[in-house]
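Notes follow the structure.
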Amino acid sequence: PSDHAPKAPSIKKASVIKHFNEEEKVTTKETCPNCKELRITPTNPPTICTLYRLRVCQQCKLDKKIIPLEDHKVSGIPDTALNANDFEKKALNEFLQARKIGASDIFAEMVKKIEEHKRKYKNGLNMNVEIKKTDKLCLDCFGIIWNDLIYKYRESINHLMPNNIKARKNCWFGKECTTQKHNASHAKRFNHI
């Protein structure tokens with residue numbers, strides 16, 4: 001009998017090809033989750049979007065700012081917030097204006113709470129990823145988180161909303177309702193929060 005056990009076969013992912021360049025540095029070829037182009041990137045890139053947990057290609061790095069969640073800046077409630085329900089956005093904006101609360105105030109409050117609630121988000125690989133305020137996010141992924149923080153904020157203030165808003169019957173589909181986006185009458189009649 002031999003003293004050496006046979007080596008287990010190595011398993012390679014089809015989407016990642018390791019090779020050595022002329023300087024003998026290891027690099028990988030990967031498909032970028034943002035632009036879908038094949039890029040050669042260093043194996044230890046300086047910035048990785050936490051939500052994707054993948055390297056971002058050099059082209060996307062030029063266009064995307066990958067910084068910690070808590071360092072992102074907000075300027076208002078985006079069109080995509082509250083599942084693109086214009087009625088809910090208008091009700092939230094009226095509430096905020098009456099109380100002189102800005103989007104940056106909501107952001108600061110909700111970022112403080114993000115670690116308390118240990119929220120998980122689906123990433124580009126369809127895996128749940130827990131986000132902390134210090135995790136680095138690209139602008140696209142930040143948009144997903146920001147929309148969720150706005151939704152959670154609106155949910156938390158429902159009891160403070162005017163009676164015509166909080167007394168509406170719940171839509172059977174709730175926040176997943178697709179009609180709320182294109183039917184103003186439906187959006188006004190039913191609660192989607």
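Lettering and numbering for the structure tokens are positional, with chains as A, B, ... in the shown order, residues counted from 1 in each chain, and ligands counted from 1 in the shown order.
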
Distance query A:His186 at most 12 Å, only C-alpha atoms, self and fewer than 2 positions along chain excluded, as a PDB file with N, CA, C and O atoms, in the first residue's frame:
```
ATOM      1  N   ASN A  85     -45.615  52.943  -6.945  1.00  0.00           N
ATOM      2  CA  ASN A  85     -47.018  53.315  -6.718  1.00  0.00           C
ATOM      3  C   ASN A  85     -47.063  54.825  -6.484  1.00  0.00           C
ATOM      4  O   ASN A  85     -46.668  55.316  -5.427  1.00  0.00           O
ATOM      5  N   ASP A  86     -47.531  55.558  -7.473  1.00  0.00           N
ATOM      6  CA  ASP A  86     -47.544  57.031  -7.401  1.00  0.00           C
ATOM      7  C   ASP A  86     -48.406  57.549  -6.256  1.00  0.00           C
ATOM      8  O   ASP A  86     -48.074  58.556  -5.629  1.00  0.00           O
ATOM      9  N   PHE A  87     -49.528  56.887  -5.985  1.00  0.00           N
ATOM     10  CA  PHE A  87     -50.397  57.337  -4.895  1.00  0.00           C
ATOM     11  C   PHE A  87     -49.683  57.218  -3.552  1.00  0.00           C
ATOM     12  O   PHE A  87     -49.715  58.149  -2.740  1.00  0.00           O
ATOM     13  N   GLU A  88     -49.034  56.094  -3.313  1.00  0.00           N
ATOM     14  CA  GLU A  88     -48.308  55.888  -2.044  1.00  0.00           C
ATOM     15  C   GLU A  88     -47.148  56.874  -1.917  1.00  0.00           C
ATOM     16  O   GLU A  88     -46.888  57.406  -0.837  1.00  0.00           O
ATOM     17  N   ARG A 168     -57.758  52.441   4.420  1.00  0.00           N
ATOM     18  CA  ARG A 168     -58.065  51.700   3.189  1.00  0.00           C
ATOM     19  C   ARG A 168     -57.957  50.187   3.421  1.00  0.00           C
ATOM     20  O   ARG A 168     -57.170  49.730   4.247  1.00  0.00           O
ATOM     21  N   LYS A 169     -58.759  49.441   2.674  1.00  0.00           N
ATOM     22  CA  LYS A 169     -58.675  47.985   2.739  1.00  0.00           C
ATOM     23  C   LYS A 169     -57.364  47.538   2.093  1.00  0.00           C
ATOM     24  O   LYS A 169     -56.891  48.166   1.144  1.00  0.00           O
ATOM     25  N   ASN A 170     -56.806  46.449   2.600  1.00  0.00           N
ATOM     26  CA  ASN A 170     -55.575  45.905   2.036  1.00  0.00           C
ATOM     27  C   ASN A 170     -55.842  45.234   0.698  1.00  0.00           C
ATOM     28  O   ASN A 170     -56.829  44.512   0.548  1.00  0.00           O
ATOM     29  N   CYS A 171     -54.963  45.463  -0.238  1.00  0.00           N
ATOM     30  CA  CYS A 171     -55.016  44.748  -1.511  1.00  0.00           C
ATOM     31  C   CYS A 171     -54.642  43.299  -1.230  1.00  0.00           C
ATOM     32  O   CYS A 171     -53.725  43.025  -0.440  1.00  0.00           O
ATOM     33  N   TRP A 172     -55.321  42.386  -1.884  1.00  0.00           N
ATOM     34  CA  TRP A 172     -55.068  40.965  -1.657  1.00  0.00           C
ATOM     35  C   TRP A 172     -53.619  40.605  -1.984  1.00  0.00           C
ATOM     36  O   TRP A 172     -53.007  39.782  -1.329  1.00  0.00           O
ATOM     37  N   PHE A 173     -53.030  41.249  -3.016  1.00  0.00           N
ATOM     38  CA  PHE A 173     -51.654  40.957  -3.423  1.00  0.00           C
ATOM     39  C   PHE A 173     -50.622  41.754  -2.634  1.00  0.00           C
ATOM     40  O   PHE A 173     -49.427  41.496  -2.742  1.00  0.00           O
ATOM     41  N   GLY A 174     -51.066  42.743  -1.859  1.00  0.00           N
ATOM     42  CA  GLY A 174     -50.148  43.540  -1.050  1.00  0.00           C
ATOM     43  C   GLY A 174     -49.097  44.241  -1.888  1.00  0.00           C
ATOM     44  O   GLY A 174     -49.383  44.722  -2.973  1.00  0.00           O
ATOM     45  N   CYS A 177     -48.485  43.499  -5.698  1.00  0.00           N
ATOM     46  CA  CYS A 177     -49.512  43.843  -6.687  1.00  0.00           C
ATOM     47  C   CYS A 177     -48.883  44.583  -7.870  1.00  0.00           C
ATOM     48  O   CYS A 177     -48.165  45.565  -7.687  1.00  0.00           O
ATOM     49  N   THR A 178     -49.179  44.121  -9.068  1.00  0.00           N
ATOM     50  CA  THR A 178     -48.668  44.802 -10.261  1.00  0.00           C
ATOM     51  C   THR A 178     -49.633  45.890 -10.744  1.00  0.00           C
ATOM     52  O   THR A 178     -49.218  46.828 -11.415  1.00  0.00           O
ATOM     53  N   THR A 179     -50.899  45.787 -10.370  1.00  0.00           N
ATOM     54  CA  THR A 179     -51.900  46.767 -10.790  1.00  0.00           C
ATOM     55  C   THR A 179     -51.636  48.139 -10.168  1.00  0.00           C
ATOM     56  O   THR A 179     -51.925  49.163 -10.786  1.00  0.00           O
ATOM     57  N   GLN A 180     -51.060  48.172  -8.974  1.00  0.00           N
ATOM     58  CA  GLN A 180     -50.799  49.438  -8.289  1.00  0.00           C
ATOM     59  C   GLN A 180     -49.924  50.387  -9.096  1.00  0.00           C
ATOM     60  O   GLN A 180     -49.958  51.596  -8.901  1.00  0.00           O
ATOM     61  N   LYS A 181     -49.134  49.848 -10.008  1.00  0.00           N
ATOM     62  CA  LYS A 181     -48.196  50.659 -10.783  1.00  0.00           C
ATOM     63  C   LYS A 181     -48.854  51.403 -11.931  1.00  0.00           C
ATOM     64  O   LYS A 181     -48.374  52.447 -12.337  1.00  0.00           O
ATOM     65  N   HIS A 182     -49.940  50.866 -12.467  1.00  0.00           N
ATOM     66  CA  HIS A 182     -50.519  51.470 -13.668  1.00  0.00           C
ATOM     67  C   HIS A 182     -51.995  51.836 -13.526  1.00  0.00           C
ATOM     68  O   HIS A 182     -52.564  52.422 -14.436  1.00  0.00           O
ATOM     69  N   ASN A 183     -52.617  51.511 -12.393  1.00  0.00           N
ATOM     70  CA  ASN A 183     -54.033  51.821 -12.202  1.00  0.00           C
ATOM     71  C   ASN A 183     -54.179  52.729 -10.981  1.00  0.00           C
ATOM     72  O   ASN A 183     -54.180  52.261  -9.841  1.00  0.00           O
ATOM     73  N   ALA A 184     -54.282  54.029 -11.234  1.00  0.00           N
ATOM     74  CA  ALA A 184     -54.327  55.010 -10.148  1.00  0.00           C
ATOM     75  C   ALA A 184     -55.524  54.807  -9.228  1.00  0.00           C
ATOM     76  O   ALA A 184     -55.417  54.978  -8.012  1.00  0.00           O
ATOM     77  N   LYS A 188     -55.247  54.024  -5.234  1.00  0.00           N
ATOM     78  CA  LYS A 188     -55.873  54.912  -4.253  1.00  0.00           C
ATOM     79  C   LYS A 188     -56.852  54.153  -3.342  1.00  0.00           C
ATOM     80  O   LYS A 188     -56.931  54.432  -2.153  1.00  0.00           O
ATOM     81  N   ARG A 189     -57.594  53.200  -3.893  1.00  0.00           N
ATOM     82  CA  ARG A 189     -58.613  52.462  -3.127  1.00  0.00           C
ATOM     83  C   ARG A 189     -58.029  51.457  -2.137  1.00  0.00           C
ATOM     84  O   ARG A 189     -58.600  51.233  -1.093  1.00  0.00           O
ATOM     85  N   PHE A 190     -56.895  50.858  -2.483  1.00  0.00           N
ATOM     86  CA  PHE A 190     -56.370  49.770  -1.661  1.00  0.00           C
ATOM     87  C   PHE A 190     -54.989  50.089  -1.108  1.00  0.00           C
ATOM     88  O   PHE A 190     -54.173  50.744  -1.748  1.00  0.00           O
ATOM     89  N   ASN A 191     -54.742  49.583   0.099  1.00  0.00           N
ATOM     90  CA  ASN A 191     -53.447  49.707   0.748  1.00  0.00           C
ATOM     91  C   ASN A 191     -52.491  48.661   0.177  1.00  0.00           C
ATOM     92  O   ASN A 191     -52.842  47.490   0.104  1.00  0.00           O
ATOM     93  N   HIS A 192     -51.293  49.063  -0.177  1.00  0.00           N
ATOM     94  CA  HIS A 192     -50.282  48.143  -0.707  1.00  0.00           C
ATOM     95  C   HIS A 192     -49.046  48.115   0.182  1.00  0.00           C
ATOM     96  O   HIS A 192     -48.013  47.584  -0.214  1.00  0.00           O
TER      97      HIS A 192
END
```

- Compare A:Arg154, A:Lys113, A:Lys136, A:His72 by their minimum atom-to-atom distance to A:Asn93, counting only C-alpha atoms, and give me the closest one. A:Arg154

- Just how far from atom CA of A:Tyr151 is atom CA of A:Glu70, in Å to one decimal?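 Atom CA of A:Tyr151 lies 17.6 Å from atom CA of A:Glu70.
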
- Message: Under the rule that only C-alpha atoms are counted, which of A:Lys89, A:Lys166, A:Lys132, A:Lys73 is the nearest residue to A:Asp105?
- Response: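 Closest to A:Asp105, using only C-alpha atoms: A:Lys73.
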
- Message: When you look at A:Pro78 with a cut-off of 12 Å (counting only C-alpha atoms), what residues show up, excluding the ones that are within fewer than 2 positions of it in the same chain? I need them as an NGL selection string.
- Response: :A and (74-76 or 80-86 or 89-90 or 92-93 or 103 or 142-151)

- Message: Please report the interatomic distance between atom CA of A:Phe95 and atom CA of A:Lys112 in Å with one decimal.
- Response: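 Computing the Euclidean distance for atom CA of A:Phe95 and atom CA of A:Lys112 yields 21.3 Å.
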
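The shell of residues at most 10 Å from A:Thr134, with only C-alpha atoms counted and near chain neighbours (fewer than 5 positions) removed, consists of Thr50, Ile67, Pro68, Leu69, Glu70, Asp71, Val111 and Glu115 of chain A.
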